[in-house]
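Undergrad: Got a structure for you, questions after.
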Amino acid sequence: MMDRVESLTDCISLIRGEGGDDVDWVAVQEFYGVEFPADYKKFVSRFGGGTIDGRVGIMVPIAVDDEMVRKVYRLPESIRVDPGMSGWVDARNLGLERDILVWGDTDSADLLGWVTNESDPDSWPIVVYSRVNAAWSVYECFMSEFIFRLLVGDFGECPISDTSLMRSTTAEFLRDREEERLLDMGIYPWDD
């Protein structure tokens, strides 16, 4: 597994200014009951929570119980027991859904997360629920490596339902706060 945050700075341009979010990692660790992977912390510090090309959303952990706040979350029981979301590409991974912490989503309603069944967060694999495949897949890589590989097209098959980011040479990142500000002004930033 490789930390690709620095490589992502060459692949993704920030829309409208500086990126990055300040996170109280001690408070977040206490709230979530886990430490977060080092590469993810670097990603949040560099880019923050936001959206890549309006297609992949990256969430940040926030130490609040409000379900209306967009943030990293544990996969809810309702999803874990839903027969429509219990399929795995590799049946040997059945049961891993108990330990999923979701850090992202897509415009196609895919979910991106970590399998947090190991105590070392830097050993957590990435897990993706693809609506197109109606199944979960596991990828042995860091979060930043997953995003990098998606953008450069380094997967044999696109891991998410929307294939438009594969081999993207002009990806843009818009922070959540800036997107909300634009939407409040009546501007949809992702018009094609």
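By convention here, the chains of the structure tokens are called A, B, ... in the order presented, each chain's residues are numbered starting at 1, and ligands are numbered starting at 1 in the order presented.
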Show which residues sit within 6 Å of Met166 of chain A, as a PyMOL selection string. Count only C-alpha atoms, and ignore same-chain residues fewer than 2 positions away.

TA: chain A and resi 150-151+153+163-164+168

Undergrad: Please provide as an MDAnalysis selection string all residues within 9 Å of Leu174 of chain A, with the sequence filter that same-chain residues fewer than 5 positions apart are discarded (counting only C-alpha atoms).

TA: chainID A and resid 13:16 19 47 49:54 179 189

Undergrad: What's the 12 Å shell around Asn93 of chain A, counting only C-alpha atoms, without same-chain residues fewer than 2 positions away, as an MDAnalysis selection string?

TA: chainID A and resid 86:91 95:100 115 117 125 127 135:139

Undergrad: Produce a file of the selected residues containing N, CA and C atoms, as a PDB file, in the first residue's frame.

TA:
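As written to disk, part-v8.pdb reads:
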```pdb
ATOM      1  N   SER A  86     -25.996  -6.851   0.477  1.00  0.00           N
ATOM      2  CA  SER A  86     -25.178  -7.823   1.202  1.00  0.00           C
ATOM      3  C   SER A  86     -24.302  -8.687   0.301  1.00  0.00           C
ATOM      4  N   GLY A  87     -24.303  -8.402  -0.995  1.00  0.00           N
ATOM      5  CA  GLY A  87     -23.482  -9.195  -1.908  1.00  0.00           C
ATOM      6  C   GLY A  87     -22.024  -8.769  -1.894  1.00  0.00           C
ATOM      7  N   TRP A  88     -21.149  -9.740  -2.087  1.00  0.00           N
ATOM      8  CA  TRP A  88     -19.708  -9.490  -2.160  1.00  0.00           C
ATOM      9  C   TRP A  88     -19.176 -10.100  -3.444  1.00  0.00           C
ATOM     10  N   VAL A  89     -18.289  -9.404  -4.130  1.00  0.00           N
ATOM     11  CA  VAL A  89     -17.650  -9.956  -5.320  1.00  0.00           C
ATOM     12  C   VAL A  89     -16.913 -11.231  -4.950  1.00  0.00           C
ATOM     13  N   ASP A  90     -16.234 -11.218  -3.813  1.00  0.00           N
ATOM     14  CA  ASP A  90     -15.530 -12.392  -3.293  1.00  0.00           C
ATOM     15  C   ASP A  90     -16.259 -12.855  -2.033  1.00  0.00           C
ATOM     16  N   ALA A  91     -16.907 -14.004  -2.095  1.00  0.00           N
ATOM     17  CA  ALA A  91     -17.716 -14.507  -0.973  1.00  0.00           C
ATOM     18  C   ALA A  91     -16.906 -14.705   0.303  1.00  0.00           C
ATOM     19  N   GLY A  95     -19.341 -10.881   5.922  1.00  0.00           N
ATOM     20  CA  GLY A  95     -19.186 -10.544   7.329  1.00  0.00           C
ATOM     21  C   GLY A  95     -18.373  -9.289   7.565  1.00  0.00           C
ATOM     22  N   LEU A  96     -17.594  -8.859   6.568  1.00  0.00           N
ATOM     23  CA  LEU A  96     -16.788  -7.653   6.742  1.00  0.00           C
ATOM     24  C   LEU A  96     -17.643  -6.395   6.880  1.00  0.00           C
ATOM     25  N   GLU A  97     -18.900  -6.472   6.433  1.00  0.00           N
ATOM     26  CA  GLU A  97     -19.770  -5.297   6.507  1.00  0.00           C
ATOM     27  C   GLU A  97     -19.980  -4.811   7.940  1.00  0.00           C
ATOM     28  N   ARG A  98     -19.714  -5.670   8.921  1.00  0.00           N
ATOM     29  CA  ARG A  98     -19.833  -5.273  10.341  1.00  0.00           C
ATOM     30  C   ARG A  98     -18.841  -4.182  10.703  1.00  0.00           C
ATOM     31  N   ASP A  99     -17.740  -4.104   9.965  1.00  0.00           N
ATOM     32  CA  ASP A  99     -16.630  -3.227  10.341  1.00  0.00           C
ATOM     33  C   ASP A  99     -16.356  -2.105   9.342  1.00  0.00           C
ATOM     34  N   ILE A 100     -17.361  -1.670   8.604  1.00  0.00           N
ATOM     35  CA  ILE A 100     -17.125  -0.657   7.574  1.00  0.00           C
ATOM     36  C   ILE A 100     -17.347   0.754   8.120  1.00  0.00           C
ATOM     37  N   VAL A 115     -12.445  -1.185   5.815  1.00  0.00           N
ATOM     38  CA  VAL A 115     -12.775  -2.309   6.684  1.00  0.00           C
ATOM     39  C   VAL A 115     -11.885  -2.130   7.907  1.00  0.00           C
ATOM     40  N   ASN A 117     -11.388  -3.783  10.745  1.00  0.00           N
ATOM     41  CA  ASN A 117     -11.281  -4.937  11.648  1.00  0.00           C
ATOM     42  C   ASN A 117      -9.869  -5.164  12.184  1.00  0.00           C
ATOM     43  N   PRO A 125      -7.980  -2.090   4.555  1.00  0.00           N
ATOM     44  CA  PRO A 125      -8.219  -2.049   3.115  1.00  0.00           C
ATOM     45  C   PRO A 125      -9.418  -1.151   2.798  1.00  0.00           C
ATOM     46  N   VAL A 127     -12.960  -0.561   0.888  1.00  0.00           N
ATOM     47  CA  VAL A 127     -14.110  -1.350   0.465  1.00  0.00           C
ATOM     48  C   VAL A 127     -15.031  -0.428  -0.335  1.00  0.00           C
ATOM     49  N   ALA A 135     -22.688  -5.122  -5.388  1.00  0.00           N
ATOM     50  CA  ALA A 135     -21.801  -5.929  -4.544  1.00  0.00           C
ATOM     51  C   ALA A 135     -20.673  -5.068  -3.988  1.00  0.00           C
ATOM     52  N   TRP A 136     -20.129  -5.555  -2.885  1.00  0.00           N
ATOM     53  CA  TRP A 136     -18.963  -4.952  -2.243  1.00  0.00           C
ATOM     54  C   TRP A 136     -17.696  -5.582  -2.809  1.00  0.00           C
ATOM     55  N   SER A 137     -16.641  -4.774  -2.932  1.00  0.00           N
ATOM     56  CA  SER A 137     -15.318  -5.258  -3.340  1.00  0.00           C
ATOM     57  C   SER A 137     -14.286  -4.691  -2.378  1.00  0.00           C
ATOM     58  N   VAL A 138     -13.217  -5.441  -2.160  1.00  0.00           N
ATOM     59  CA  VAL A 138     -12.139  -5.016  -1.268  1.00  0.00           C
ATOM     60  C   VAL A 138     -10.899  -4.713  -2.105  1.00  0.00           C
ATOM     61  N   TYR A 139     -10.230  -3.597  -1.776  1.00  0.00           N
ATOM     62  CA  TYR A 139      -9.008  -3.178  -2.461  1.00  0.00           C
ATOM     63  C   TYR A 139      -7.925  -2.962  -1.416  1.00  0.00           C
TER      64      TYR A 139
END
```

Undergrad: Which distance in Å separates atom CA of Tyr73 of chain A and atom CA of Phe146 of chain A, to one decimal?

TA: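 These atoms are spaced 18.9 Å apart.
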
Undergrad: Closest to Ser130 of chain A among A:Ile160, A:Ala63, A:Val152, A:Ile58, using only C-alpha atoms?

TA: A:Ile160

Undergrad: Mind giving me the straight-line distance from atom CA of Trp114 of chain A to atom CA of Met59 of chain A in Å, one decimal?

TA: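 Distance between the two atoms: 12.7 Å.
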
Undergrad: Have a look at atom CA of Ser7 of chain A and atom CA of Asp21 of chain A and let me know their distance in Å, one decimal.

TA: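 Answer for the atom CA of Ser7 of chain A to atom CA of Asp21 of chain A separation: 18.9 Å.
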
Undergrad: I'd like to know which residues of segment 6-52 of chain A are alpha helix (DSSP H) (by DSSP, run on the backbone); could you write them as JSON, numbers by chain?

TA: {"A": [6, 7, 8, 9, 10, 11, 25, 26, 27, 28, 29, 30, 31, 32, 38, 39, 40, 41, 42, 43, 44, 45, 46]}

Undergrad: Quick check for you: according to DSSP on this backbone, which residues of segment 47-99 of chain A are classed as strand (DSSP E or B)? Reply as a ChimeraX atom specification.

TA: /A:50-52,56-58,73-74,88

Undergrad: Those residues with N, CA and C atoms, as a compact mmCIF listing (two decimals), in the first residue's frame please?

TA:
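out_33.txt, freshly written:
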```txt
# COMPACT_ATOMS: atom_id res chain seq x y z
N GLY A 50 -14.90 17.30 0.36
CA GLY A 50 -15.40 17.92 -0.85
C GLY A 50 -15.68 16.90 -1.92
N THR A 51 -15.68 17.37 -3.16
CA THR A 51 -16.09 16.54 -4.28
C THR A 51 -15.08 16.63 -5.41
N ILE A 52 -14.79 15.49 -6.02
CA ILE A 52 -13.93 15.43 -7.19
C ILE A 52 -14.83 15.37 -8.42
N VAL A 56 -17.21 12.06 -7.09
CA VAL A 56 -16.78 11.33 -5.89
C VAL A 56 -16.69 12.32 -4.73
N GLY A 57 -17.46 12.05 -3.69
CA GLY A 57 -17.45 12.89 -2.50
C GLY A 57 -16.56 12.29 -1.43
N ILE A 58 -15.77 13.14 -0.80
CA ILE A 58 -14.89 12.73 0.30
C ILE A 58 -15.40 13.41 1.56
N TYR A 73 -19.02 8.02 8.60
CA TYR A 73 -19.97 7.32 9.46
C TYR A 73 -19.78 5.81 9.38
N ARG A 74 -20.20 5.14 10.45
CA ARG A 74 -20.24 3.67 10.46
C ARG A 74 -21.38 3.22 9.56
N TRP A 88 -21.15 -9.74 -2.09
CA TRP A 88 -19.71 -9.49 -2.16
C TRP A 88 -19.18 -10.10 -3.44
```
